[in-house]
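Next comes coords_27.cif, with mmCIF, C-alpha atoms.
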```
data_model
loop_
_atom_site.label_atom_id
_atom_site.label_comp_id
_atom_site.auth_asym_id
_atom_site.auth_seq_id
_atom_site.Cartn_x
_atom_site.Cartn_y
_atom_site.Cartn_z
CA MET A 20 0.00 0.00 0.00
CA ARG A 21 1.14 3.55 -0.74
CA HIS A 22 -0.24 5.32 2.31
CA ALA A 23 1.52 8.65 3.02
CA LYS A 24 4.12 8.15 0.27
CA ARG A 25 3.98 11.49 -1.50
CA ILE A 26 7.19 11.40 -3.56
CA ASN A 27 7.51 9.66 -6.91
CA HIS A 28 10.92 8.02 -6.96
CA LEU A 29 10.86 7.72 -10.76
CA GLY A 30 12.78 4.43 -10.59
CA ARG A 31 16.01 6.16 -9.54
CA THR A 32 18.19 6.51 -6.51
CA SER A 33 17.83 9.71 -4.51
CA ALA A 34 21.12 11.17 -5.79
CA HIS A 35 20.20 10.43 -9.41
CA ARG A 36 16.71 11.85 -8.92
CA GLU A 37 18.04 15.08 -7.35
CA ALA A 38 20.61 15.51 -10.15
CA MET A 39 17.98 14.88 -12.81
CA LEU A 40 15.53 17.36 -11.29
CA SER A 41 18.29 19.94 -10.93
CA ASN A 42 19.25 19.56 -14.60
CA MET A 43 15.62 19.69 -15.73
CA ALA A 44 14.98 22.80 -13.63
CA THR A 45 18.05 24.47 -15.13
CA SER A 46 16.82 23.66 -18.63
CA LEU A 47 13.33 24.93 -17.82
CA ILE A 48 14.70 28.23 -16.50
CA MET A 49 17.08 28.73 -19.41
CA HIS A 50 14.75 27.64 -22.26
CA LYS A 51 11.37 28.53 -20.66
CA HIS A 52 9.83 25.19 -21.76
CA ILE A 53 10.91 21.55 -22.09
CA ASN A 54 9.40 18.28 -23.32
CA THR A 55 9.42 15.39 -20.87
CA THR A 56 7.24 12.61 -19.47
CA LEU A 57 4.23 13.49 -17.38
CA ALA A 58 5.59 11.89 -14.19
CA LYS A 59 8.87 13.81 -14.43
CA ALA A 60 7.02 17.05 -15.18
CA LYS A 61 4.85 16.69 -12.09
CA GLU A 62 7.92 16.13 -9.91
CA LEU A 63 9.73 19.00 -11.61
CA LYS A 64 6.81 21.29 -10.84
CA LYS A 65 7.14 20.47 -7.14
CA PHE A 66 10.90 21.08 -7.38
CA VAL A 67 11.02 24.35 -9.33
CA GLU A 68 8.07 26.35 -8.01
CA PRO A 69 9.57 26.89 -4.53
CA LEU A 70 12.78 28.05 -6.22
CA ILE A 71 10.86 30.61 -8.27
CA THR A 72 9.07 31.80 -5.13
CA ARG A 73 12.44 32.14 -3.41
CA SER A 74 13.78 34.19 -6.34
CA LYS A 75 11.24 36.96 -5.70
CA ASN A 76 13.31 37.96 -2.67
CA ASP A 77 16.72 38.82 -4.15
CA THR A 78 19.09 38.40 -1.22
CA THR A 79 22.41 36.64 -0.91
CA HIS A 80 20.80 33.98 1.27
CA SER A 81 18.10 33.28 -1.33
CA ARG A 82 20.68 33.04 -4.10
CA ARG A 83 22.76 30.57 -2.09
CA ILE A 84 19.77 28.37 -1.34
CA VAL A 85 18.73 28.33 -5.01
CA PHE A 86 22.31 27.69 -6.16
CA ALA A 87 22.53 24.74 -3.76
CA GLN A 88 19.59 23.19 -5.62
CA LEU A 89 20.44 24.14 -9.22
CA HIS A 90 24.30 24.00 -9.28
CA ASN A 91 24.38 26.39 -12.27
CA LYS A 92 25.26 30.04 -11.80
CA TYR A 93 23.88 31.06 -15.21
CA ALA A 94 20.49 29.55 -14.40
CA VAL A 95 20.48 31.29 -11.01
CA THR A 96 21.29 34.62 -12.67
CA GLU A 97 18.53 34.11 -15.26
CA LEU A 98 16.07 33.14 -12.53
CA PHE A 99 16.77 36.16 -10.33
CA ARG A 100 17.03 38.72 -13.16
CA GLU A 101 14.47 37.71 -15.78
CA VAL A 102 12.01 35.19 -14.39
CA SER A 103 11.50 36.80 -10.99
CA GLN A 104 10.64 40.12 -12.66
CA LYS A 105 7.94 38.49 -14.78
CA VAL A 106 6.35 36.58 -11.91
CA ALA A 107 6.65 39.33 -9.31
CA ASN A 108 2.87 39.89 -9.01
CA ARG A 109 1.85 36.23 -9.42
CA PRO A 110 1.04 34.46 -6.11
CA GLY A 111 1.99 30.98 -7.37
CA GLY A 112 1.42 28.58 -10.23
CA TYR A 113 4.45 29.55 -12.25
CA THR A 114 4.47 26.48 -14.49
CA ARG A 115 1.98 24.88 -16.86
CA ILE A 116 1.86 21.25 -18.00
CA LEU A 117 0.37 20.55 -21.43
CA LYS A 118 -0.09 16.92 -22.43
CA THR A 119 1.22 16.18 -25.91
CA GLY A 120 0.46 12.50 -26.46
CA PHE A 121 2.36 9.26 -26.07
CA ARG A 122 5.95 8.39 -26.91
CA LYS A 123 6.31 5.97 -29.79
CA GLY A 124 8.86 3.60 -28.24
CA ASP A 125 7.38 2.80 -24.84
CA ASN A 126 4.01 4.59 -24.93
CA ALA A 127 4.97 6.89 -22.06
CA GLU A 128 2.71 9.89 -21.67
CA MET A 129 4.60 12.96 -22.86
CA CYS A 130 4.00 16.59 -22.01
CA LEU A 131 5.36 20.09 -22.36
CA ILE A 132 6.16 21.94 -19.14
CA GLU A 133 6.60 25.68 -19.48
CA LEU A 134 6.84 28.87 -17.48
CA VAL A 135 3.40 30.47 -17.61
CA ASP A 136 4.42 34.08 -18.23
CA TYR A 137 6.62 33.24 -21.20
CA ASN A 138 3.97 31.74 -23.49
CA GLU A 139 2.48 34.46 -25.71
CA THR A 140 -0.42 32.24 -26.75
CA TYR A 141 -1.95 32.14 -23.26
CA THR A 142 -1.04 35.59 -21.93
CA THR A 143 -4.02 37.82 -21.28
CA GLU A 144 -2.26 41.09 -22.03
CA GLU A 145 -3.44 42.49 -25.32
CA VAL A 146 -0.92 44.22 -27.50
CA LYS A 147 -2.35 47.25 -29.21
CA LYS A 148 -1.73 47.34 -32.91
CA THR A 149 -0.34 50.60 -34.09
CA THR A 150 -1.43 51.57 -37.53
CA LYS A 151 1.07 53.29 -39.72
CA THR A 152 0.02 56.69 -40.85
CA ARG A 153 0.71 57.37 -44.46
CA ARG A 154 1.17 60.66 -46.16
CA SER A 155 -1.06 61.18 -49.13
CA SER A 156 0.74 59.81 -52.10
CA LYS A 157 1.58 62.20 -54.87
CA LYS A 158 -0.13 61.61 -58.16
CA SER A 159 2.63 60.41 -60.38
CA ALA A 160 2.92 58.90 -63.77
CA PRO A 161 2.11 55.17 -63.91
CA LYS A 162 5.04 52.84 -63.60
CA ALA A 163 6.71 51.64 -66.76
CA ASP A 164 6.03 48.01 -65.86
CA ALA A 165 2.31 48.46 -65.37
CA PRO A 166 0.08 48.31 -68.46
CA VAL A 167 -1.44 51.66 -69.31
CA ALA A 168 -5.19 51.66 -69.94
CA GLU A 169 -6.16 53.81 -72.87
CA ALA A 170 -9.13 56.11 -72.54
CA PRO A 171 -11.70 55.82 -75.32
CA ALA A 172 -11.24 58.59 -77.84
CA ALA A 173 -14.15 60.96 -78.33
CA GLU A 174 -15.77 60.68 -81.72
CA THR A 175 -14.81 63.78 -83.60
CA THR A 176 -15.68 62.60 -87.10
CA ALA A 177 -19.40 62.15 -86.54
CA PRO A 178 -21.45 65.37 -86.59
CA ALA A 179 -23.73 65.97 -83.69
CA ALA A 180 -27.30 65.02 -84.44
CA GLU A 181 -29.84 67.85 -84.15
#
```

Before anything else, please render the file you have as structure tokens.
Amino acid sequence: MRHAKRINHLGRTSAHREAMLSNMATSLIMHKHINTTLAKAKELKKFVEPLITRSKNDTTHSRRIVFAQLHNKYAVTELFREVSQKVANRPGGYTRILKTGFRKGDNAEMCLIELVDYNETYTTEEVKKTTKTRRSSKKSAPKADAPVAEAPAAETTAPAAE
């Protein structure tokens, strides 16, 4: 029975699991989305969301705690500079899991895990379109490439009927 067993071991030792989650979290922070299996994505969500919450408070202590988990100074810098600015007003739920189907080889359920604020498809902010204002174009002679339509000539040979 699985009573009170909350962690998914993913068929790995604890050291391997921690290293894998650290590498996946680094990739997620650097690339903003990754493809993985559903079980790994659910564990990664539990691993990375507290780190993102910690990054909102930019102190030396917070950076050291996050670096102890990620082991990558470039990912820590990206997290504290870019990601924490985007999620500053969000109270939680920094990641999104989208199921993408099943893997061909072993039929494992695959998904895309991404940082919520970096997907333009789902963001609610509307970007206003700016229309370009044009000056009235000057009437110029038709281009040489374009065919010139001839106006019908007025009949000058026929006398006007009275």

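In this structure, atom CA of A:Leu98 sits 25.4 Å away from atom CA of A:Met129.
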
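The environment of A:Glu68 within 9 Å, counting all atoms listed in the file and disregarding residues fewer than 6 places along the same chain, consists of Gly111, Gly112, Tyr113 and Thr114 of chain A.
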
Please write the residues picked by the PyMOL selection byres ((chain A and resi 118) around 10) on this file as a CSV table (one decimal) with C-alpha atoms, keeping the file's coordinate frame.
```csv
chain,number,residue,atom,x,y,z
A,54,ASN,CA,9.4,18.3,-23.3
A,55,THR,CA,9.4,15.4,-20.9
A,56,THR,CA,7.2,12.6,-19.5
A,57,LEU,CA,4.2,13.5,-17.4
A,115,ARG,CA,2.0,24.9,-16.9
A,116,ILE,CA,1.9,21.2,-18.0
A,117,LEU,CA,0.4,20.6,-21.4
A,119,THR,CA,1.2,16.2,-25.9
A,120,GLY,CA,0.5,12.5,-26.5
A,121,PHE,CA,2.4,9.3,-26.1
A,128,GLU,CA,2.7,9.9,-21.7
A,129,MET,CA,4.6,13.0,-22.9
A,130,CYS,CA,4.0,16.6,-22.0
A,131,LEU,CA,5.4,20.1,-22.4
A,132,ILE,CA,6.2,21.9,-19.1
```

For this session: Would you mind reading off the distance between atom CA of A:Thr45 and atom CA of A:Ala94, one decimal, in Å?
Result: 5.7 Å

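Nearest to A:Pro69 of all the residues A:Met39, A:Val85, A:Val95, A:Ile26 is A:Val85, based on only C-alpha atoms.
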
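Proximity of A:Lys51, A:His22, A:Ser41, A:Lys105 to A:Asn138, computed with all atoms listed in the file, is greatest for A:Lys51.
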
For this session: Extract, using all atoms listed in the file, all DNA, RNA and protein residues at most 12 Å from A:Met43, discarding same-chain residues fewer than 4 positions from it, and format them as JSON, numbers by chain.
Result: {"A": [36, 37, 38, 39, 47, 48, 49, 50, 51, 52, 53, 54, 55, 56, 59, 60, 61, 62, 63, 64, 66, 67, 88, 89, 90, 91, 94, 132, 133]}
